[in-house]
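One structure is given below, encoded as structure tokens.
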There are 2 protein chains.
Amino acid sequence: MAARFIALFNQPEDPAAFDAHYRDVHTPIVRRYPGLRDLRLTRTDGVAGRRSPFYLLAEMVFDSRAELDAALASEPGIESGRDLRNFAGAGVSLFIADDDADA
Amino acid sequence: MAARFIALFNQPEDPAAFDAHYRDVHTPIVRRYPGLRDLRLTRTDGVAGRRSPFYLLAEMVFDSRAELDAALASEPGIESGRDLRNFAGAGVSLFIADDDADA
């Protein structure tokens, strides 16, 4: 792995509506990111009997930080950011993990 | 990958003190987790000119969810949780990503 664009979605008010939008609208946009190597979607569980603070972990994997940056600046990158307002009203944390930077 | 125990640490007030404690005290405890396959530490960057909400992404990788659960219940698992109060006062989000569960 080289560089990951990570989105952590807070627990939605309506999980079924969130899932449908993510699957039918958001994922097709993300799949159009240039250079996207992998899209990993994982439900999260809490620890020690606590509920997870997050509902969904989305990891978009690129071969390099440069490819990741280019994808975010691309038309689908901008469109995916704009689409967040349509289903991520409960909140989302976005960040980049550059696995090469810490080698 | 099978199951990850993930810790996302908020930006600390004193990054140098955080780093020293993480390296010299916390990491040696985590390395004692039974079944730990990999410990991946990654600094995070923000997106679109915003600062990352998190300072450090720590991923503890296990072969299975059962091994992860056993590690958290072990003596070093309990000790690492107790150690959080010594350096993670700015806050930490803990959750489990079971990569097999979504297959």
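As shown in the structure tokens, the chain order sets the letters A, B, ...; within each chain, residues go from 1, and ligands are also counted from 1 in the order they appear.
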- Please determine the contact residues of chain B with respect to chain A at a cut-off of 12 Å, counting only C-alpha atoms, and supply them as number ranges by chain. B: 1-8, 10, 40-59, 65, 68-73, 77-78, 81, 92-103
Output the selection as a short mmCIF file (atom, residue, chain, number, x, y, z; two decimals), in the first residue's frame - N, CA and C atoms for each residue.
```cif
data_model
loop_
_atom_site.label_atom_id
_atom_site.label_comp_id
_atom_site.auth_asym_id
_atom_site.auth_seq_id
_atom_site.Cartn_x
_atom_site.Cartn_y
_atom_site.Cartn_z
N MET B 1 -5.37 -9.25 4.98
CA MET B 1 -5.74 -8.74 6.30
C MET B 1 -7.03 -9.37 6.76
N ALA B 2 -7.15 -9.54 8.03
CA ALA B 2 -8.35 -10.20 8.54
C ALA B 2 -9.11 -9.30 9.50
N ALA B 3 -8.47 -8.86 10.54
CA ALA B 3 -9.17 -8.01 11.51
C ALA B 3 -8.19 -6.99 12.07
N ARG B 4 -8.64 -5.74 12.11
CA ARG B 4 -7.79 -4.67 12.61
C ARG B 4 -8.42 -4.00 13.83
N PHE B 5 -7.61 -3.81 14.85
CA PHE B 5 -7.99 -2.95 15.97
C PHE B 5 -7.36 -1.59 15.65
N ILE B 6 -8.20 -0.58 15.52
CA ILE B 6 -7.74 0.72 15.03
C ILE B 6 -7.90 1.79 16.12
N ALA B 7 -6.85 2.56 16.31
CA ALA B 7 -6.89 3.70 17.23
C ALA B 7 -6.55 4.96 16.46
N LEU B 8 -7.41 5.95 16.56
CA LEU B 8 -7.18 7.24 15.91
C LEU B 8 -7.02 8.29 17.01
N ASN B 10 -6.43 11.95 18.52
CA ASN B 10 -6.61 13.37 18.21
C ASN B 10 -5.29 14.12 18.33
N ARG B 40 0.88 -1.04 12.42
CA ARG B 40 1.13 -0.01 11.41
C ARG B 40 0.78 1.36 11.97
N LEU B 41 1.78 2.22 12.01
CA LEU B 41 1.60 3.57 12.53
C LEU B 41 1.76 4.56 11.39
N THR B 42 0.77 5.43 11.21
CA THR B 42 0.79 6.37 10.10
C THR B 42 0.33 7.73 10.56
N ARG B 43 1.13 8.75 10.28
CA ARG B 43 0.69 10.12 10.49
C ARG B 43 -0.36 10.44 9.43
N THR B 44 -1.31 11.28 9.76
CA THR B 44 -2.36 11.60 8.81
C THR B 44 -2.24 13.05 8.35
N ASP B 45 -2.71 13.28 7.14
CA ASP B 45 -2.78 14.62 6.57
C ASP B 45 -4.23 14.98 6.33
N GLY B 46 -4.51 16.26 6.34
CA GLY B 46 -5.85 16.73 6.04
C GLY B 46 -6.11 16.73 4.53
N VAL B 47 -7.36 17.02 4.19
CA VAL B 47 -7.81 17.02 2.80
C VAL B 47 -8.27 18.42 2.45
N ALA B 48 -7.98 18.84 1.23
CA ALA B 48 -8.50 20.10 0.71
C ALA B 48 -8.12 21.29 1.61
N GLY B 49 -6.87 21.28 2.06
CA GLY B 49 -6.39 22.43 2.82
C GLY B 49 -6.80 22.45 4.28
N ARG B 50 -7.59 21.45 4.69
CA ARG B 50 -7.99 21.38 6.10
C ARG B 50 -7.00 20.51 6.86
N ARG B 51 -6.83 20.83 8.14
CA ARG B 51 -5.98 20.02 9.00
C ARG B 51 -6.68 18.70 9.26
N SER B 52 -5.91 17.63 9.35
CA SER B 52 -6.51 16.35 9.67
C SER B 52 -7.12 16.40 11.07
N PRO B 53 -8.28 15.78 11.25
CA PRO B 53 -8.86 15.72 12.60
C PRO B 53 -8.03 14.83 13.53
N PHE B 54 -7.14 14.04 12.95
CA PHE B 54 -6.39 13.08 13.75
C PHE B 54 -4.88 13.28 13.59
N TYR B 55 -4.16 12.88 14.62
CA TYR B 55 -2.71 13.01 14.61
C TYR B 55 -2.03 11.73 14.14
N LEU B 56 -2.52 10.62 14.68
CA LEU B 56 -1.86 9.34 14.42
C LEU B 56 -2.91 8.25 14.21
N LEU B 57 -2.68 7.44 13.17
CA LEU B 57 -3.49 6.26 12.89
C LEU B 57 -2.68 5.04 13.28
N ALA B 58 -3.19 4.27 14.25
CA ALA B 58 -2.51 3.05 14.67
C ALA B 58 -3.39 1.86 14.31
N GLU B 59 -2.84 0.94 13.53
CA GLU B 59 -3.59 -0.25 13.11
C GLU B 59 -2.88 -1.49 13.61
N ARG B 65 -10.71 -12.20 13.80
CA ARG B 65 -11.40 -11.44 14.83
C ARG B 65 -11.25 -12.12 16.19
N LEU B 68 -7.95 -11.15 17.61
CA LEU B 68 -8.03 -9.75 18.06
C LEU B 68 -8.73 -9.66 19.42
N ASP B 69 -9.88 -10.31 19.52
CA ASP B 69 -10.63 -10.26 20.78
C ASP B 69 -9.79 -10.83 21.94
N ALA B 70 -9.07 -11.89 21.66
CA ALA B 70 -8.23 -12.50 22.71
C ALA B 70 -7.12 -11.54 23.13
N ALA B 71 -6.56 -10.83 22.17
CA ALA B 71 -5.48 -9.88 22.50
C ALA B 71 -6.01 -8.75 23.38
N LEU B 72 -7.20 -8.25 23.05
CA LEU B 72 -7.74 -7.14 23.85
C LEU B 72 -8.07 -7.59 25.27
N ALA B 73 -8.41 -8.85 25.43
CA ALA B 73 -8.73 -9.37 26.76
C ALA B 73 -7.50 -9.82 27.54
N GLY B 77 -3.34 -6.32 26.59
CA GLY B 77 -4.49 -5.59 26.05
C GLY B 77 -5.10 -4.66 27.08
N ILE B 78 -5.23 -5.17 28.30
CA ILE B 78 -5.80 -4.36 29.39
C ILE B 78 -4.82 -3.25 29.77
N GLY B 81 -4.88 -0.36 27.31
CA GLY B 81 -6.04 0.50 27.51
C GLY B 81 -5.84 1.43 28.69
N VAL B 92 -9.10 9.81 21.88
CA VAL B 92 -8.77 8.74 20.95
C VAL B 92 -10.06 8.01 20.59
N SER B 93 -10.18 7.64 19.34
CA SER B 93 -11.32 6.84 18.86
C SER B 93 -10.83 5.43 18.62
N LEU B 94 -11.48 4.47 19.28
CA LEU B 94 -11.09 3.07 19.16
C LEU B 94 -12.20 2.29 18.48
N PHE B 95 -11.85 1.47 17.50
CA PHE B 95 -12.85 0.62 16.87
C PHE B 95 -12.18 -0.56 16.19
N ILE B 96 -13.02 -1.49 15.79
CA ILE B 96 -12.55 -2.72 15.14
C ILE B 96 -13.08 -2.75 13.72
N ALA B 97 -12.18 -3.07 12.79
CA ALA B 97 -12.57 -3.27 11.40
C ALA B 97 -12.31 -4.72 11.06
N ASP B 98 -13.39 -5.47 10.93
CA ASP B 98 -13.27 -6.91 10.65
C ASP B 98 -13.40 -7.09 9.14
N ASP B 99 -12.27 -7.24 8.49
CA ASP B 99 -12.28 -7.24 7.03
C ASP B 99 -12.95 -8.48 6.46
N ASP B 100 -13.03 -9.54 7.23
CA ASP B 100 -13.68 -10.74 6.74
C ASP B 100 -15.20 -10.63 6.79
N ALA B 101 -15.69 -9.82 7.71
CA ALA B 101 -17.13 -9.77 7.92
C ALA B 101 -17.88 -9.20 6.73
N ASP B 102 -17.18 -8.42 5.91
CA ASP B 102 -17.84 -7.78 4.78
C ASP B 102 -17.59 -8.48 3.47
N ALA B 103 -16.95 -9.64 3.53
CA ALA B 103 -16.58 -10.33 2.28
C ALA B 103 -17.83 -10.75 1.51
#
```
Fit target chain B, mobile chain A, all Cα in order, as a compact mmCIF listing (two decimals) with N, CA, C and O atoms, in the first residue's frame:
```txt
# COMPACT_ATOMS: atom_id res chain seq x y z
N MET A 1 -5.44 -9.31 4.92
CA MET A 1 -5.79 -8.79 6.24
C MET A 1 -7.09 -9.41 6.72
O MET A 1 -7.96 -9.70 5.92
N ALA A 2 -7.16 -9.56 7.99
CA ALA A 2 -8.35 -10.20 8.53
C ALA A 2 -9.10 -9.29 9.49
O ALA A 2 -10.27 -8.98 9.26
N ALA A 3 -8.48 -8.87 10.55
CA ALA A 3 -9.17 -8.01 11.51
C ALA A 3 -8.19 -7.00 12.05
O ALA A 3 -7.06 -7.34 12.41
N ARG A 4 -8.64 -5.76 12.10
CA ARG A 4 -7.79 -4.68 12.61
C ARG A 4 -8.42 -4.01 13.82
O ARG A 4 -9.61 -3.69 13.80
N PHE A 5 -7.62 -3.81 14.85
CA PHE A 5 -7.98 -2.95 15.97
C PHE A 5 -7.36 -1.59 15.66
O PHE A 5 -6.15 -1.49 15.48
N ILE A 6 -8.20 -0.58 15.53
CA ILE A 6 -7.75 0.73 15.05
C ILE A 6 -7.91 1.78 16.13
O ILE A 6 -8.95 1.85 16.79
N ALA A 7 -6.85 2.56 16.32
CA ALA A 7 -6.89 3.69 17.24
C ALA A 7 -6.55 4.95 16.46
O ALA A 7 -5.53 5.00 15.77
N LEU A 8 -7.41 5.95 16.56
CA LEU A 8 -7.18 7.24 15.92
C LEU A 8 -7.02 8.28 17.02
O LEU A 8 -7.97 8.57 17.75
N PHE A 9 -5.82 8.81 17.13
CA PHE A 9 -5.51 9.76 18.20
C PHE A 9 -5.71 11.18 17.72
O PHE A 9 -5.20 11.58 16.66
N ASN A 10 -6.43 11.95 18.51
CA ASN A 10 -6.61 13.37 18.20
C ASN A 10 -5.28 14.12 18.32
O ASN A 10 -4.33 13.62 18.93
N GLN A 11 -5.24 15.30 17.74
CA GLN A 11 -4.03 16.12 17.79
C GLN A 11 -3.66 16.41 19.25
O GLN A 11 -4.44 17.00 19.98
N PRO A 12 -2.48 16.00 19.69
CA PRO A 12 -2.10 16.22 21.09
C PRO A 12 -1.66 17.66 21.33
O PRO A 12 -1.24 18.36 20.40
N GLU A 13 -1.75 18.08 22.58
CA GLU A 13 -1.26 19.42 22.91
C GLU A 13 0.25 19.50 22.75
O GLU A 13 0.79 20.51 22.31
N ASP A 14 0.93 18.43 23.12
CA ASP A 14 2.39 18.40 23.07
C ASP A 14 2.82 17.19 22.22
O ASP A 14 3.01 16.09 22.74
N PRO A 15 2.95 17.39 20.90
CA PRO A 15 3.26 16.26 20.04
C PRO A 15 4.56 15.54 20.41
O PRO A 15 4.65 14.32 20.31
N ALA A 16 5.57 16.28 20.84
CA ALA A 16 6.85 15.64 21.18
C ALA A 16 6.68 14.70 22.37
O ALA A 16 7.23 13.59 22.39
N ALA A 17 5.92 15.14 23.36
CA ALA A 17 5.69 14.29 24.54
C ALA A 17 4.85 13.07 24.15
O ALA A 17 5.10 11.96 24.63
N PHE A 18 3.85 13.30 23.28
CA PHE A 18 3.04 12.19 22.79
C PHE A 18 3.91 11.16 22.08
O PHE A 18 3.85 9.96 22.36
N ASP A 19 4.73 11.64 21.18
CA ASP A 19 5.58 10.72 20.40
C ASP A 19 6.50 9.92 21.31
O ASP A 19 6.68 8.71 21.11
N ALA A 20 7.09 10.59 22.28
CA ALA A 20 8.03 9.89 23.18
C ALA A 20 7.32 8.82 23.98
O ALA A 20 7.81 7.70 24.13
N HIS A 21 6.13 9.16 24.50
CA HIS A 21 5.40 8.16 25.29
C HIS A 21 4.94 7.01 24.40
O HIS A 21 5.04 5.85 24.80
N TYR A 22 4.45 7.35 23.21
CA TYR A 22 3.97 6.29 22.33
C TYR A 22 5.10 5.32 21.98
O TYR A 22 4.92 4.10 22.01
N ARG A 23 6.24 5.88 21.68
CA ARG A 23 7.38 5.06 21.25
C ARG A 23 7.98 4.26 22.42
O ARG A 23 8.24 3.06 22.29
N ASP A 24 8.17 4.92 23.54
CA ASP A 24 8.96 4.31 24.62
C ASP A 24 8.12 3.50 25.60
O ASP A 24 8.65 2.61 26.27
N VAL A 25 6.84 3.83 25.73
CA VAL A 25 6.01 3.15 26.72
C VAL A 25 4.88 2.35 26.05
O VAL A 25 4.72 1.16 26.31
N HIS A 26 4.12 3.02 25.17
CA HIS A 26 2.92 2.36 24.64
C HIS A 26 3.25 1.25 23.64
O HIS A 26 2.69 0.15 23.72
N THR A 27 4.14 1.55 22.71
CA THR A 27 4.46 0.54 21.69
C THR A 27 4.98 -0.77 22.29
O THR A 27 4.56 -1.85 21.86
N PRO A 28 5.88 -0.72 23.28
CA PRO A 28 6.33 -1.99 23.88
C PRO A 28 5.19 -2.81 24.48
O PRO A 28 5.24 -4.05 24.46
N ILE A 29 4.15 -2.15 25.01
CA ILE A 29 3.00 -2.89 25.53
C ILE A 29 2.25 -3.55 24.38
O ILE A 29 1.91 -4.73 24.42
N VAL A 30 2.00 -2.77 23.33
CA VAL A 30 1.23 -3.28 22.19
C VAL A 30 1.96 -4.46 21.53
O VAL A 30 1.33 -5.43 21.09
N ARG A 31 3.28 -4.37 21.49
CA ARG A 31 4.06 -5.44 20.85
C ARG A 31 3.89 -6.76 21.60
O ARG A 31 4.19 -7.83 21.04
N ARG A 32 3.43 -6.70 22.84
CA ARG A 32 3.23 -7.92 23.62
C ARG A 32 1.84 -8.53 23.40
O ARG A 32 1.54 -9.59 23.97
N TYR A 33 0.98 -7.89 22.60
CA TYR A 33 -0.33 -8.50 22.30
C TYR A 33 -0.11 -9.91 21.73
O TYR A 33 0.61 -10.06 20.73
N PRO A 34 -0.74 -10.91 22.28
CA PRO A 34 -0.63 -12.24 21.67
C PRO A 34 -1.29 -12.22 20.28
O PRO A 34 -2.36 -11.63 20.10
N GLY A 35 -0.64 -12.83 19.31
CA GLY A 35 -1.23 -12.95 17.98
C GLY A 35 -1.10 -11.72 17.11
O GLY A 35 -1.62 -11.71 15.99
N LEU A 36 -0.42 -10.68 17.61
CA LEU A 36 -0.29 -9.46 16.80
C LEU A 36 0.52 -9.77 15.54
O LEU A 36 1.67 -10.21 15.61
N ARG A 37 -0.07 -9.52 14.40
CA ARG A 37 0.58 -9.82 13.13
C ARG A 37 1.36 -8.63 12.61
O ARG A 37 2.41 -8.77 12.02
N ASP A 38 0.82 -7.44 12.86
CA ASP A 38 1.48 -6.23 12.35
C ASP A 38 0.98 -5.04 13.15
O ASP A 38 -0.18 -5.02 13.59
N LEU A 39 1.88 -4.08 13.35
CA LEU A 39 1.52 -2.80 13.95
C LEU A 39 1.89 -1.73 12.95
O LEU A 39 3.07 -1.56 12.62
N ARG A 40 0.88 -1.04 12.43
CA ARG A 40 1.12 -0.01 11.41
C ARG A 40 0.79 1.35 11.98
O ARG A 40 -0.35 1.59 12.39
N LEU A 41 1.79 2.22 12.01
CA LEU A 41 1.61 3.57 12.53
C LEU A 41 1.77 4.56 11.39
O LEU A 41 2.77 4.53 10.67
N THR A 42 0.78 5.43 11.20
CA THR A 42 0.80 6.36 10.08
C THR A 42 0.34 7.73 10.56
O THR A 42 -0.73 7.86 11.17
N ARG A 43 1.14 8.73 10.29
CA ARG A 43 0.70 10.11 10.48
C ARG A 43 -0.35 10.44 9.43
O ARG A 43 -0.26 9.94 8.30
N THR A 44 -1.30 11.28 9.77
CA THR A 44 -2.35 11.59 8.81
C THR A 44 -2.25 13.05 8.35
O THR A 44 -1.75 13.91 9.08
N ASP A 45 -2.71 13.27 7.14
CA ASP A 45 -2.77 14.62 6.58
C ASP A 45 -4.23 14.98 6.33
O ASP A 45 -5.06 14.09 6.10
N GLY A 46 -4.51 16.26 6.34
CA GLY A 46 -5.85 16.73 6.03
C GLY A 46 -6.11 16.72 4.54
O GLY A 46 -5.23 16.46 3.73
N VAL A 47 -7.36 17.01 4.20
CA VAL A 47 -7.81 17.00 2.82
C VAL A 47 -8.28 18.41 2.46
O VAL A 47 -8.89 19.08 3.29
N ALA A 48 -7.99 18.82 1.24
CA ALA A 48 -8.51 20.09 0.71
C ALA A 48 -8.13 21.27 1.62
O ALA A 48 -8.94 22.14 1.92
N GLY A 49 -6.87 21.27 2.05
CA GLY A 49 -6.37 22.40 2.82
C GLY A 49 -6.79 22.42 4.27
O GLY A 49 -6.41 23.32 5.02
N ARG A 50 -7.57 21.42 4.69
CA ARG A 50 -7.98 21.36 6.10
C ARG A 50 -6.99 20.50 6.87
O ARG A 50 -6.42 19.55 6.35
N ARG A 51 -6.84 20.82 8.13
CA ARG A 51 -5.98 20.02 9.00
C ARG A 51 -6.68 18.69 9.26
O ARG A 51 -7.91 18.62 9.37
N SER A 52 -5.90 17.62 9.35
CA SER A 52 -6.50 16.33 9.68
C SER A 52 -7.10 16.40 11.08
O SER A 52 -6.52 16.98 11.99
N PRO A 53 -8.27 15.77 11.26
CA PRO A 53 -8.83 15.72 12.61
C PRO A 53 -8.01 14.83 13.54
O PRO A 53 -8.18 14.89 14.75
N PHE A 54 -7.13 14.03 12.96
CA PHE A 54 -6.37 13.06 13.76
C PHE A 54 -4.87 13.27 13.58
O PHE A 54 -4.41 13.74 12.55
N TYR A 55 -4.15 12.87 14.62
CA TYR A 55 -2.69 13.01 14.62
C TYR A 55 -2.03 11.73 14.15
O TYR A 55 -1.10 11.75 13.34
N LEU A 56 -2.51 10.61 14.69
CA LEU A 56 -1.85 9.32 14.41
C LEU A 56 -2.90 8.24 14.21
O LEU A 56 -3.87 8.13 14.97
N LEU A 57 -2.68 7.44 13.17
CA LEU A 57 -3.49 6.25 12.89
C LEU A 57 -2.67 5.03 13.29
O LEU A 57 -1.59 4.81 12.74
N ALA A 58 -3.18 4.27 14.25
CA ALA A 58 -2.50 3.04 14.68
C ALA A 58 -3.39 1.86 14.32
O ALA A 58 -4.55 1.80 14.72
N GLU A 59 -2.84 0.93 13.54
CA GLU A 59 -3.59 -0.25 13.11
C GLU A 59 -2.88 -1.50 13.62
O GLU A 59 -1.73 -1.76 13.27
N MET A 60 -3.57 -2.24 14.45
CA MET A 60 -3.03 -3.48 14.98
C MET A 60 -3.75 -4.63 14.28
O MET A 60 -4.96 -4.79 14.38
N VAL A 61 -2.97 -5.39 13.51
CA VAL A 61 -3.53 -6.37 12.58
C VAL A 61 -3.42 -7.79 13.17
O VAL A 61 -2.36 -8.17 13.70
N PHE A 62 -4.52 -8.52 13.06
CA PHE A 62 -4.58 -9.91 13.53
C PHE A 62 -5.10 -10.80 12.39
O PHE A 62 -5.76 -10.33 11.47
N ASP A 63 -4.82 -12.08 12.51
CA ASP A 63 -5.27 -13.02 11.47
C ASP A 63 -6.78 -13.23 11.50
O ASP A 63 -7.37 -13.63 10.48
N SER A 64 -7.39 -13.00 12.64
CA SER A 64 -8.83 -13.24 12.74
C SER A 64 -9.41 -12.36 13.85
O SER A 64 -8.70 -11.87 14.73
N ARG A 65 -10.72 -12.20 13.79
CA ARG A 65 -11.40 -11.44 14.82
C ARG A 65 -11.26 -12.13 16.19
O ARG A 65 -11.14 -11.46 17.23
N ALA A 66 -11.22 -13.46 16.18
CA ALA A 66 -11.07 -14.18 17.45
C ALA A 66 -9.72 -13.87 18.10
O ALA A 66 -9.63 -13.67 19.32
N GLU A 67 -8.67 -13.80 17.28
CA GLU A 67 -7.35 -13.48 17.84
C GLU A 67 -7.30 -12.04 18.34
O GLU A 67 -6.68 -11.74 19.36
N LEU A 68 -7.97 -11.16 17.61
CA LEU A 68 -8.03 -9.76 18.06
C LEU A 68 -8.73 -9.66 19.41
O LEU A 68 -8.23 -9.00 20.33
N ASP A 69 -9.87 -10.31 19.53
CA ASP A 69 -10.62 -10.26 20.79
C ASP A 69 -9.79 -10.82 21.94
O ASP A 69 -9.82 -10.29 23.07
N ALA A 70 -9.06 -11.91 21.66
CA ALA A 70 -8.23 -12.51 22.72
C ALA A 70 -7.12 -11.56 23.14
O ALA A 70 -6.78 -11.46 24.33
N ALA A 71 -6.56 -10.83 22.18
CA ALA A 71 -5.49 -9.88 22.51
C ALA A 71 -6.01 -8.75 23.39
O ALA A 71 -5.36 -8.35 24.35
N LEU A 72 -7.19 -8.25 23.07
CA LEU A 72 -7.74 -7.14 23.86
C LEU A 72 -8.07 -7.59 25.28
O LEU A 72 -8.02 -6.79 26.21
N ALA A 73 -8.40 -8.86 25.44
CA ALA A 73 -8.74 -9.39 26.76
C ALA A 73 -7.50 -9.84 27.54
O ALA A 73 -7.60 -10.16 28.72
N SER A 74 -6.35 -9.83 26.89
CA SER A 74 -5.11 -10.30 27.53
C SER A 74 -4.55 -9.24 28.47
O SER A 74 -4.99 -8.09 28.46
N GLU A 75 -3.55 -9.62 29.23
CA GLU A 75 -2.93 -8.67 30.16
C GLU A 75 -2.36 -7.45 29.42
O GLU A 75 -2.65 -6.32 29.81
N PRO A 76 -1.58 -7.62 28.34
CA PRO A 76 -1.13 -6.41 27.64
C PRO A 76 -2.27 -5.63 27.00
O PRO A 76 -2.19 -4.40 26.90
N GLY A 77 -3.33 -6.32 26.60
CA GLY A 77 -4.49 -5.61 26.06
C GLY A 77 -5.10 -4.67 27.10
O GLY A 77 -5.42 -3.52 26.81
N ILE A 78 -5.23 -5.18 28.30
CA ILE A 78 -5.79 -4.36 29.39
C ILE A 78 -4.81 -3.25 29.77
O ILE A 78 -5.20 -2.10 30.00
N GLU A 79 -3.53 -3.59 29.82
CA GLU A 79 -2.52 -2.59 30.19
C GLU A 79 -2.46 -1.46 29.16
O GLU A 79 -2.32 -0.29 29.53
N SER A 80 -2.59 -1.80 27.88
CA SER A 80 -2.51 -0.75 26.86
C SER A 80 -3.70 0.19 26.98
O SER A 80 -3.57 1.40 26.78
N GLY A 81 -4.87 -0.37 27.31
CA GLY A 81 -6.04 0.49 27.53
C GLY A 81 -5.84 1.42 28.70
O GLY A 81 -6.18 2.61 28.65
N ARG A 82 -5.25 0.89 29.76
CA ARG A 82 -5.01 1.70 30.96
C ARG A 82 -3.97 2.79 30.66
O ARG A 82 -4.05 3.90 31.20
N ASP A 83 -3.01 2.48 29.80
CA ASP A 83 -1.94 3.44 29.50
C ASP A 83 -2.45 4.64 28.70
O ASP A 83 -1.79 5.68 28.68
N LEU A 84 -3.61 4.52 28.06
CA LEU A 84 -4.12 5.64 27.25
C LEU A 84 -4.22 6.92 28.07
O LEU A 84 -3.96 8.02 27.58
N ARG A 85 -4.58 6.77 29.34
CA ARG A 85 -4.78 7.98 30.16
C ARG A 85 -3.47 8.73 30.39
O ARG A 85 -3.48 9.88 30.81
N ASN A 86 -2.34 8.06 30.12
CA ASN A 86 -1.04 8.69 30.36
C ASN A 86 -0.56 9.57 29.20
O ASN A 86 0.42 10.29 29.36
N PHE A 87 -1.23 9.45 28.04
CA PHE A 87 -0.72 10.26 26.91
C PHE A 87 -1.81 10.66 25.92
O PHE A 87 -1.53 11.47 25.03
N ALA A 88 -3.02 10.11 26.03
CA ALA A 88 -4.05 10.37 25.02
C ALA A 88 -5.16 11.27 25.56
O ALA A 88 -6.33 11.10 25.21
N GLY A 89 -4.78 12.23 26.37
CA GLY A 89 -5.77 13.12 26.98
C GLY A 89 -6.54 13.94 25.96
O GLY A 89 -7.66 14.39 26.23
N ALA A 90 -5.97 14.15 24.79
CA ALA A 90 -6.67 14.91 23.75
C ALA A 90 -7.79 14.11 23.10
O ALA A 90 -8.60 14.66 22.35
N GLY A 91 -7.82 12.82 23.39
CA GLY A 91 -8.90 11.99 22.87
C GLY A 91 -8.41 10.94 21.88
O GLY A 91 -7.43 11.15 21.17
N VAL A 92 -9.10 9.82 21.89
CA VAL A 92 -8.77 8.73 20.96
C VAL A 92 -10.06 8.01 20.60
O VAL A 92 -10.95 7.84 21.44
N SER A 93 -10.18 7.63 19.34
CA SER A 93 -11.31 6.84 18.86
C SER A 93 -10.83 5.42 18.62
O SER A 93 -9.87 5.21 17.87
N LEU A 94 -11.47 4.46 19.28
CA LEU A 94 -11.08 3.05 19.17
C LEU A 94 -12.20 2.28 18.50
O LEU A 94 -13.37 2.41 18.86
N PHE A 95 -11.86 1.47 17.51
CA PHE A 95 -12.86 0.62 16.89
C PHE A 95 -12.20 -0.56 16.20
O PHE A 95 -10.97 -0.61 16.06
N ILE A 96 -13.02 -1.49 15.79
CA ILE A 96 -12.56 -2.72 15.15
C ILE A 96 -13.09 -2.76 13.72
O ILE A 96 -14.27 -2.49 13.48
N ALA A 97 -12.19 -3.07 12.78
CA ALA A 97 -12.59 -3.27 11.39
C ALA A 97 -12.32 -4.73 11.05
O ALA A 97 -11.16 -5.15 10.97
N ASP A 98 -13.39 -5.48 10.93
CA ASP A 98 -13.28 -6.91 10.64
C ASP A 98 -13.42 -7.10 9.14
O ASP A 98 -14.52 -7.10 8.60
N ASP A 99 -12.27 -7.23 8.48
CA ASP A 99 -12.28 -7.23 7.02
C ASP A 99 -12.96 -8.46 6.45
O ASP A 99 -13.42 -8.45 5.31
N ASP A 100 -13.03 -9.52 7.23
CA ASP A 100 -13.69 -10.73 6.74
C ASP A 100 -15.22 -10.61 6.79
O ASP A 100 -15.91 -11.25 6.00
N ALA A 101 -15.71 -9.81 7.69
CA ALA A 101 -17.16 -9.76 7.90
C ALA A 101 -17.91 -9.20 6.71
O ALA A 101 -19.09 -9.47 6.52
N ASP A 102 -17.20 -8.41 5.90
CA ASP A 102 -17.87 -7.76 4.77
C ASP A 102 -17.57 -8.44 3.45
O ASP A 102 -17.91 -7.92 2.39
N ALA A 103 -16.93 -9.59 3.50
CA ALA A 103 -16.52 -10.25 2.26
C ALA A 103 -17.74 -10.67 1.45
O ALA A 103 -18.84 -10.77 1.97
```
Per-residue DSSP, segment 10-97 of chain B, filtered to strand (DSSP E), as a short mmCIF file (atom, residue, chain, number, x, y, z; two decimals) with C-alpha atoms, in the first residue's frame:
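Now in selection_18.cif:
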```cif
data_model
loop_
_atom_site.label_atom_id
_atom_site.label_comp_id
_atom_site.auth_asym_id
_atom_site.auth_seq_id
_atom_site.Cartn_x
_atom_site.Cartn_y
_atom_site.Cartn_z
CA ASN B 10 -6.61 13.37 18.21
CA ASP B 38 1.47 -6.23 12.35
CA LEU B 39 1.52 -2.80 13.95
CA ARG B 40 1.13 -0.01 11.41
CA LEU B 41 1.60 3.57 12.53
CA THR B 42 0.79 6.37 10.10
CA ARG B 43 0.69 10.12 10.49
CA THR B 44 -2.36 11.60 8.81
CA ASP B 45 -2.78 14.62 6.57
CA PHE B 54 -6.39 13.08 13.75
CA TYR B 55 -2.71 13.01 14.61
CA LEU B 56 -1.86 9.34 14.42
CA LEU B 57 -3.49 6.26 12.89
CA ALA B 58 -2.51 3.05 14.67
CA GLU B 59 -3.59 -0.25 13.11
CA MET B 60 -3.04 -3.48 14.97
CA VAL B 61 -3.52 -6.37 12.59
CA PHE B 62 -4.58 -9.91 13.53
CA VAL B 92 -8.77 8.74 20.95
CA SER B 93 -11.32 6.84 18.86
CA LEU B 94 -11.09 3.07 19.16
CA PHE B 95 -12.85 0.62 16.87
CA ILE B 96 -12.55 -2.72 15.14
CA ALA B 97 -12.57 -3.27 11.40
#
```
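Backbone DSSP assigns alpha helix (DSSP H) in segment 5-71 of chain A to A:Pro15, A:Ala16, A:Ala17, A:Phe18, A:Asp19, A:Ala20, A:His21, A:Thr27, A:Pro28, A:Ile29, A:Val30, A:Arg65, A:Ala66, A:Glu67, A:Leu68, A:Asp69, A:Ala70, A:Ala71.
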